[in-house]
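Asks: Below you will find the structure I want to go over with you.
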Amino acid sequence: FRSPFSQRHLMSSSIVSTLCRSPYVGDDARPMPALVKRNHEGVDGGEYQSNSFARFLVKRPGLFALGMFVVAISLAGVGTANMDMYVDVGDARNAYAINSDIRTERLDAWIFAHREITLNATQTQQSQRAQESHLTIVYEGNDQWFTPANMARVRALEQKILNFPDYEKYCWRCPTDPDDKKKIDGCAAANATNHVCRPPLSFMNFAYASWVNGTFVNDGKNDTMRDWDDLLSFASNPAIHNFSNPSGTSFFFGKDFSASNKRTRFMRTMFWMGRPLEGYRNEDDRSKDQNWLSDKWVNRVHKEILTDARADDEHFDVLYGGGAGLINDLIIDLLFADGALAGLAAISVFFYISFHTQSWFLSSLGMFHILMSFPIAYFINRFIFQIIYVDTISTFLIFIIMGIGADDIFVFYDAWRQSYSQEPQIANSEVNRLSYTLRRAASAMLTTSATTTGAFAASAVTELMPTRGFGILASMMVLVNYSLVITYFPGVVLLHDRYIKHKWCNWRFCCQPRRLVSESTVEKDGEAAPPQQRDVDNGADVEKGRESSRGPPSRGPSLHRQDSFAADEASKLDAPIPDDDVHARYGPVTETAAPITRQNPLGIKFDAYGRVETFLYKRFAPFVLEWRGVLIVIALMNLAMMIGFASQLEPETEPPEWLRGSHFFQRWDNAMFHEFPTSTDDDLMIAVLVWGIKGITRAGHSMFDFGTDDCHGSACGRAVYDSAFDPSTTDAQNSLVKACEDAAAQVSCVRLNQINSCFMKDFKEYRLSKSQTFPVAQNDFYTAINEYVALPEVQNKYIATKAVYLEDGKFKWISADFKINFLWGRLYSGEDVNPCYDSWINFMNAYNKGAPQGVNNMFVTSSPQSAVFVGAFTSDAFVNSAIVGVGVALSIALVILFISTHNWVAALTAFFWVCSVVVSVLGITWLAGWKIGIIEGINATMVVGFSVDFCVHFAHNWTESELATRVHRVYGTFLEMGVSILAGGITTFIASIFLCLTSLLFFFKFGIFVMATISFSLLTAFFPSMASLSWWGPEYDYGDLKIIYRHVCAKVRPITDDEEEEQRKGKGGAVRESDTSNDIQASSHGPSSIALVEQKQNNGTGTKPPMKFSEMKQKVSAAATGEANGEADGNNN
């Protein structure tokens, strides 16, 4: 758009007005032609305008930094004190279940109904099997380990456990009924008062069976093993080794054991715990306390017996696991161990920050605010957003913030260090240096912080509560870190520069001579300061108070306040360009800038730049420019390949693995689910039919209250009961019995088409066994029911387990349950479970449609310990959450890119390469053999935040640069931002290395994700992203959204004469574009500000051949002189 609106104001950014408004005031603040770069302290006498925060901070940096330090410590302390980490290893109904789903609502209704009542029924001590507490041992060996000698070692280990103190206080005891005793080997000789424990479920019961009355009793009490060959023949007999035989041997051996192969690599034993324990009325009485007591005993066995057995036995491996208590104990121990690695990661990042800044002081106080970001963010979540829930996955954020925080420190400190190379009015004034640093660094960090925050905030759109909480906490953490790095850290840097840098040994423990130069005109608080010494990287060593022989530090032209020079093609000239014809004088400097050559197209003096910056400028930038086409093609080929890999990702169908595959507990878990056949002794998931409960209400509770004491450590809400429920009619009684029988026969996934428990069916059989009628007349129904439930066996089976509940002698609910063909504790996908669930729903709908009034509102759910229907839906939700999260995160990133760069070309280019990083990391996920589960779903969203940072840093710096052409912007962008981006990537990569050394698998996977993300992000940002910008990136005003916006506004609303005159003249004089035949533009400010913008070459294609530099200079000078003469009367210039 060639219009007055193509004039751009000299402005670093418009995002934060107090930090980023135009820094020049006075005559030099007028709008400038887009292609003209001016001397801002030259003939017009422009004055650099510092911002108010910088002026305030330079007066009291120590006091302000100390105040921020105290505030951070206070908020972090309160946040840490109120943090209660939730370890979700209990019921299968966990925090990831989606509250709004009908499956979850039905399961919660069943859970809430159970916990809202307190039973007064009394159960026989330890007569019930504890579902949540047990100890299962898996023995793993090679093909030759299954021998009599090793069986003797197994038996000796199990005898230690049976003889361990207090075993009889926690075991599952033999029944007291004589008829029931006879059904259990090892219990027949026990009487009602000797409290004999049931034998564990072990092959040793068969191997050491007692010989009683001419037959074997499989009680494991014999001191001598049976004949080995005879024992193997018995154990492999198909009639005995059969999953449907409750007294068989199929439970003990791996899938490889059979009649034709009497060897196995795996064998297992199970020790059951009993309920209720001594001092408790029933298993529901203070159930958490009972679980804690029995889990404590199991943990003692783990530490005092099994740990030594794993270390000492060389013949086979002893693997073991159990209930939630043992798992919780193992996880907590590993968290402490892995926490030490987190400490090592922090120390490594600290050392790298020290190396980069050359200061222990800066790295120490910088690491302080990085680590404080996590507890302060939790404080905000807890007390402002009222988000209480936080689980172990949130500990990832400590590693995340190390990388993000270190990157922000590098961006700020490098901008502060490079402010030495700016024009003297900035470099010689502390307040102006800080203003420059804040304007440059704050806007750059705000862009990346906003995109990272947006990526994490995208997790809030998911229905998975922990993922949503994780995203909100991560977003707050990034914002807290950004707030501290632009407020607290500048004060730290000022303190370091004033009092620490020249007096203490900063980096090396042995003191080294400082290289100092004199500053006789450094301004402080707006006034001239007395002479002092300034440290520069390449100055000469001097005595205190004396000037260096080399004079003040040499400074090349500022990249953001660059004087005019021949652009694009001029950089290709081999001969040096005369300095005085290109660069203006920025005050009384003693050395000029370097001459412009092919190797140094910006005329940079490298005194204020380090080796990495010099390498990126001298070596890397030319490499990218020369090979940009090849780099882009290679990147696109990689992208196409990764798209193919990522498209093959599937949802996770296995149970979530907690630990690395080499850990004994994970090996136990894998063996339990993969190496053993299904048997009647295995725990199967339970489907439940429920009458009498209508639904739930969650009024007064947030989804983030999950796991709190008010919610009994689980989901929050109350059950709503069906007031129309009435099972007393004869039709209702028959209907309830028929429902149990039809469900067992018709639902496809019911185990062996058998009913596990059905109250009304048992009541019918009881009545018929007593020669009584069924159904019972309605008037006599509850009399008969109350007599029946008073029986001890009914109390144990139905009342104590809350399968049915009577209030004031009348039913409040009734249930029936069925074992279904899914192993307990395993996570199944919707593809596996949906056929079973659909079969149950079809049965439920058909029954309710034909059922009599009062029992026609039945629903189907699963037991809280299995939650199979909810778990399958949640498994699919992980994939949907990842897809939606990535989509929302990328959309937010694109919007922020448009806002921050103000340029559609730069925004879309950066966005494309960000998407390529996301796809590449997802492709690596598939190559690693992983599927989309809990960790992968979170990481897929998180990867957007990490992948955005580096590409956006380059794109933002590119659009903020006031260098005229693409070639020069490549050099300038690498020089200014390359070292900061590289350092930020290195620190994040270092932190992720320690994650890969942890035992907890989700930490390990997270480390791999971070390493892959950082690697692809760095490679993409430095190679194809910058190659793309060098090819079609914005130059001059190309792609500037502000130009388009102003042009559209001009079309919609006509410009008045006064507005046109104001735009033409500006504030202090007239500046307008000069449209020449050679696209050469110049201002009216004399030869010292000549802009040589672009010289077109065609090599014989009809255009003029390239003119020499002297000819170009003469033409521009003539144009500028003529324009100045024509405007002299109008602008008093």
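Starting from 1 in every chain, residues are counted up; chains themselves are A, B, ... following the order of the structure tokens, and ligands are numbered from 1 as listed.
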Could you pull out the residues in segment 362-394 of chain A that DSSP calls alpha helix (DSSP H) from the backbone, as a count of residues only?
Replies: 22
Asks: Check the DSSP output for the backbone and give back, as a PyMOL selection string, the residues of segment 314-476 of chain A in strand (DSSP E).
Replies: chain A and resi 317-322
Asks: Listing only residues of segment 861-975 of chain A within 12 Å of segment 1021-1035 of chain A, what is the closest atom pair and its distance in Å (to one decimal) for each, using only C-alpha atoms, sorted by chain and residue number ascending, as a Markdown table?
Replies:
```
| residue | atom | partner | partner_atom | distance |
| --- | --- | --- | --- | --- |
| A:Thr901 | CA | A:Pro1034 | CA | 10.5 |
| A:His902 | CA | A:Pro1034 | CA | 10.7 |
| A:Asn903 | CA | A:Pro1034 | CA | 7.7 |
| A:Trp904 | CA | A:Pro1034 | CA | 8.9 |
| A:Val905 | CA | A:Pro1034 | CA | 6.3 |
| A:Ala906 | CA | A:Gly1033 | CA | 6.1 |
| A:Ala907 | CA | A:Gly1033 | CA | 9.8 |
| A:Leu908 | CA | A:Gly1033 | CA | 10.1 |
| A:Thr909 | CA | A:Ser1028 | CA | 7.3 |
| A:Ala910 | CA | A:Ser1025 | CA | 6.7 |
| A:Phe911 | CA | A:Ser1025 | CA | 9.8 |
| A:Phe912 | CA | A:Ser1025 | CA | 8.9 |
| A:Trp913 | CA | A:Ser1025 | CA | 6.4 |
| A:Val914 | CA | A:Ala1021 | CA | 8.8 |
| A:Cys915 | CA | A:Ser1025 | CA | 11.6 |
| A:Ser916 | CA | A:Ser1025 | CA | 10.4 |
| A:Val917 | CA | A:Ala1021 | CA | 9.7 |
| A:Phe946 | CA | A:Ala1021 | CA | 12.0 |
| A:Ser947 | CA | A:Ala1021 | CA | 9.2 |
| A:Val948 | CA | A:Ala1021 | CA | 9.4 |
| A:Asp949 | CA | A:Ala1021 | CA | 9.2 |
| A:Phe950 | CA | A:Ala1021 | CA | 5.9 |
| A:Cys951 | CA | A:Ala1021 | CA | 4.8 |
| A:Val952 | CA | A:Ala1021 | CA | 8.5 |
| A:His953 | CA | A:Ala1021 | CA | 8.9 |
| A:Phe954 | CA | A:Ala1021 | CA | 7.4 |
| A:Ala955 | CA | A:Leu1029 | CA | 8.2 |
| A:His956 | CA | A:Pro1034 | CA | 11.3 |
| A:Asn957 | CA | A:Met1026 | CA | 11.4 |
| A:Trp958 | CA | A:Pro1034 | CA | 8.1 |
| A:Thr959 | CA | A:Pro1034 | CA | 7.3 |
| A:Glu960 | CA | A:Pro1034 | CA | 10.7 |
| A:Ser961 | CA | A:Glu1035 | CA | 9.4 |
| A:Glu962 | CA | A:Glu1035 | CA | 8.9 |
| A:Leu963 | CA | A:Glu1035 | CA | 8.1 |
| A:Ala964 | CA | A:Glu1035 | CA | 6.1 |
| A:Thr965 | CA | A:Glu1035 | CA | 5.3 |
| A:Arg966 | CA | A:Ser1030 | CA | 5.4 |
| A:Val967 | CA | A:Ser1030 | CA | 6.3 |
| A:His968 | CA | A:Ser1030 | CA | 9.1 |
| A:Arg969 | CA | A:Ser1030 | CA | 7.9 |
| A:Val970 | CA | A:Ser1030 | CA | 6.3 |
| A:Tyr971 | CA | A:Ser1030 | CA | 9.9 |
| A:Gly972 | CA | A:Met1026 | CA | 11.6 |
| A:Thr973 | CA | A:Met1026 | CA | 9.1 |
| A:Phe974 | CA | A:Phe1022 | CA | 8.6 |
```
Asks: Extract, using only C-alpha atoms, all DNA, RNA and protein residues at most 7 Å from Ala457 of chain A, discarding same-chain residues fewer than 5 positions from it, and format them as a list in words.
Replies: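 Near neighbours after the sequence-gap exclusion: Gly471, Ile472 and Ser475 of chain A.
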Asks: Considering only C-alpha atoms, return as an MDAnalysis selection string whatever protein or nucleic-acid residues lie within 10 Å of Ala743 of chain A, sequence-local ones (same chain, fewer than 5 positions apart) excluded.
Replies: chainID A and resid 689 738 748:750 753:755 816:818 839:840 843:844 847
Asks: Name all residues at most 9 Å from segment 930-932 of chain A (count only C-alpha atoms; drop same-chain ones fewer than 3 positions away) and give them as number ranges by chain.
Replies: A: 649-653, 875-876, 878-879, 882, 925-927, 935-937, 940
Asks: Excluding same-chain residues fewer than 2 positions from segment 611-619 of chain A, what lies within 9 Å of it counting only C-alpha atoms, as a short mmCIF file (atom, residue, chain, number, x, y, z; two decimals) with C-alpha atoms, in the first residue's frame?
Replies:
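Wrote part28.cif, looks like this:
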```
data_model
loop_
_atom_site.label_atom_id
_atom_site.label_comp_id
_atom_site.auth_asym_id
_atom_site.auth_seq_id
_atom_site.Cartn_x
_atom_site.Cartn_y
_atom_site.Cartn_z
CA GLN A 599 31.48 -11.18 5.97
CA ASN A 600 30.12 -8.29 8.05
CA PHE A 606 32.00 -7.46 18.31
CA TYR A 609 29.18 -9.84 21.79
CA ALA A 621 23.74 -16.90 9.12
CA PRO A 622 25.63 -17.22 5.80
CA PHE A 623 25.14 -20.99 5.92
CA VAL A 970 18.75 -12.80 9.12
CA TYR A 971 22.10 -11.54 10.39
CA GLY A 972 20.52 -9.22 12.95
CA THR A 973 18.06 -11.79 14.29
CA PHE A 974 20.72 -14.46 14.76
CA LEU A 975 23.00 -11.91 16.42
CA GLU A 976 20.44 -10.63 18.91
CA MET A 977 18.26 -13.66 19.72
CA GLY A 978 20.25 -16.71 18.65
CA VAL A 979 22.32 -17.04 21.81
#
```
Asks: Can I get the residues of segment 404-499 of chain A within 9 Å of segment 888-894 of chain A, each with the closest pair of atoms and their distance in Å to one decimal, using only C-alpha atoms, sorted chain first then ascending number, as JSON lines?
Replies:
```
{"residue": "A:Ala450", "atom": "CA", "partner": "A:Ala893", "partner_atom": "CA", "distance": 8.1}
{"residue": "A:Thr451", "atom": "CA", "partner": "A:Ala893", "partner_atom": "CA", "distance": 5.1}
{"residue": "A:Thr452", "atom": "CA", "partner": "A:Ala893", "partner_atom": "CA", "distance": 8.0}
{"residue": "A:Gly454", "atom": "CA", "partner": "A:Ile892", "partner_atom": "CA", "distance": 5.8}
{"residue": "A:Ala455", "atom": "CA", "partner": "A:Ala889", "partner_atom": "CA", "distance": 4.2}
{"residue": "A:Phe456", "atom": "CA", "partner": "A:Ala889", "partner_atom": "CA", "distance": 7.3}
{"residue": "A:Ala457", "atom": "CA", "partner": "A:Ala889", "partner_atom": "CA", "distance": 7.6}
{"residue": "A:Ala458", "atom": "CA", "partner": "A:Ala889", "partner_atom": "CA", "distance": 5.1}
{"residue": "A:Ser459", "atom": "CA", "partner": "A:Ala889", "partner_atom": "CA", "distance": 8.1}
{"residue": "A:Val461", "atom": "CA", "partner": "A:Val888", "partner_atom": "CA", "distance": 8.2}
```
Asks: Include N, CA, C and O atoms and write out the residues we just selected as a compact mmCIF listing (two decimals), in the first residue's frame.
Replies:
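The resulting file, out.txt, is reproduced below:
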```txt
# COMPACT_ATOMS: atom_id res chain seq x y z
N ALA A 450 2.88 -15.71 26.54
CA ALA A 450 1.46 -15.76 26.19
C ALA A 450 1.12 -17.00 25.38
O ALA A 450 0.09 -17.65 25.61
N THR A 451 1.99 -17.37 24.44
CA THR A 451 1.72 -18.57 23.65
C THR A 451 1.81 -19.82 24.52
O THR A 451 1.00 -20.74 24.38
N THR A 452 2.81 -19.87 25.40
CA THR A 452 2.92 -21.03 26.30
C THR A 452 1.74 -21.09 27.25
O THR A 452 1.18 -22.16 27.50
N GLY A 454 -1.21 -19.86 26.70
CA GLY A 454 -2.37 -20.26 25.90
C GLY A 454 -2.39 -21.74 25.61
O GLY A 454 -3.44 -22.38 25.63
N ALA A 455 -1.19 -22.31 25.36
CA ALA A 455 -1.13 -23.75 25.08
C ALA A 455 -1.55 -24.56 26.30
O ALA A 455 -2.31 -25.53 26.19
N PHE A 456 -1.08 -24.15 27.47
CA PHE A 456 -1.49 -24.85 28.68
C PHE A 456 -2.96 -24.60 29.00
O PHE A 456 -3.67 -25.49 29.46
N ALA A 457 -3.40 -23.36 28.79
CA ALA A 457 -4.79 -23.04 29.06
C ALA A 457 -5.74 -23.80 28.14
O ALA A 457 -6.91 -24.00 28.48
N ALA A 458 -5.22 -24.26 26.99
CA ALA A 458 -6.06 -25.06 26.10
C ALA A 458 -6.51 -26.34 26.77
O ALA A 458 -7.52 -26.94 26.39
N SER A 459 -5.75 -26.79 27.78
CA SER A 459 -6.15 -27.99 28.52
C SER A 459 -7.45 -27.78 29.27
O SER A 459 -8.11 -28.75 29.65
N VAL A 461 -10.18 -26.81 28.18
CA VAL A 461 -11.37 -27.15 27.41
C VAL A 461 -11.70 -28.62 27.52
O VAL A 461 -12.79 -29.05 27.13
```
Asks: Can you list, as a ChimeraX atom specification, every protein, DNA or RNA residue that comes within 12 Å of Arg382 of chain A when you count only C-alpha atoms, leaving out same-chain residues fewer than 2 positions away?
Replies: /A:75-76,78-84,375-380,384-390,469,472-473,476,704-705
Asks: Mind giving me the straight-line distance from atom CA of Ser757 of chain A to atom CA of Asp838 of chain A in Å, one decimal?
Replies: 21.8 Å
Asks: From the set A:Asn857, A:Asn786, A:Asn734, A:Ser233, which residue has the shortest atom-to-atom contact distance to Tyr805 of chain A, counting only C-alpha atoms?
Replies: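 Under the stated criterion, the closest residue is A:Asn786.
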Asks: Could you list, with a cut-off of 7 Å and counting only C-alpha atoms, the residues of segment 40-159 of chain A near segment 308-323 of chain A, each shown with its nearest atom pair and the distance in Å rounded to one decimal, rows sorted by chain and ascending number, as JSON lines?
Replies:
```
{"residue": "A:Glu132", "atom": "CA", "partner": "A:Gly323", "partner_atom": "CA", "distance": 5.2}
{"residue": "A:Ser133", "atom": "CA", "partner": "A:Gly323", "partner_atom": "CA", "distance": 4.5}
{"residue": "A:His134", "atom": "CA", "partner": "A:Gly322", "partner_atom": "CA", "distance": 5.1}
{"residue": "A:Leu135", "atom": "CA", "partner": "A:Gly322", "partner_atom": "CA", "distance": 4.6}
{"residue": "A:Thr136", "atom": "CA", "partner": "A:Gly321", "partner_atom": "CA", "distance": 5.6}
{"residue": "A:Ile137", "atom": "CA", "partner": "A:Tyr320", "partner_atom": "CA", "distance": 4.3}
{"residue": "A:Val138", "atom": "CA", "partner": "A:Leu319", "partner_atom": "CA", "distance": 5.0}
{"residue": "A:Tyr139", "atom": "CA", "partner": "A:Val318", "partner_atom": "CA", "distance": 5.1}
{"residue": "A:Glu140", "atom": "CA", "partner": "A:Asp317", "partner_atom": "CA", "distance": 5.1}
{"residue": "A:Gly141", "atom": "CA", "partner": "A:Phe316", "partner_atom": "CA", "distance": 4.6}
{"residue": "A:Trp145", "atom": "CA", "partner": "A:His315", "partner_atom": "CA", "distance": 6.9}
```
Asks: Write the residues you've just listed into a file as a tab-separated table (two decimals), in the first residue's frame, and include C-alpha atoms for each of them.
Replies:
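Below you can see out_37.tsv, which holds the result:
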```tsv
chain	number	residue	atom	x	y	z
A	132	GLU	CA	-8.55	-53.64	48.42
A	133	SER	CA	-5.87	-55.39	50.50
A	134	HIS	CA	-3.86	-58.42	49.52
A	135	LEU	CA	-0.32	-59.55	48.78
A	136	THR	CA	0.40	-61.36	45.53
A	137	ILE	CA	3.85	-62.80	44.76
A	138	VAL	CA	4.98	-63.76	41.25
A	139	TYR	CA	8.01	-66.03	40.86
A	140	GLU	CA	9.81	-65.63	37.53
A	141	GLY	CA	12.63	-67.82	36.27
A	145	TRP	CA	13.79	-73.04	37.17
```
Asks: Tell me, counting only C-alpha atoms, for each residue of segment 274-329 of chain A within 12 Å of segment 711-725 of chain A, which pair of atoms is nearest and how far apart they are in Å to one decimal, in rows ordered by chain and increasing number, as a tab-separated table.
Replies:
```
residue	atom	partner	partner_atom	distance
A:Arg286	CA	A:His712	CA	11.2
A:Ser287	CA	A:His712	CA	11.1
A:Lys288	CA	A:His712	CA	9.7
```
Asks: Grab the residues selected above and save them as a CSV table (one decimal), in the first residue's frame with C-alpha atoms.
Replies:
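Output file out_13.csv is given in full below:
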```
chain,number,residue,atom,x,y,z
A,286,ARG,CA,-14.2,-46.8,59.3
A,287,SER,CA,-13.0,-48.7,56.2
A,288,LYS,CA,-10.1,-46.3,55.5
```
Asks: Which residue, A:Glu807, A:Pro200, A:Leu341, A:Tyr48, has the smallest gap to Gln422 of chain A when you use only C-alpha atoms?
Replies: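 Checking each candidate against Gln422 of chain A, we get A:Tyr48 as the closest.
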Asks: Calculated over only C-alpha atoms, which of the candidates A:Gly695, A:Arg275, A:Lys262, A:Gln144 has the smallest distance to Arg173 of chain A?
Replies: A:Arg275
Asks: Tell me, in Å to one decimal, how far atom CA of Arg439 of chain A is from atom CA of Phe374 of chain A.
Replies: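 Here the two named atoms are 26.3 Å from each other.
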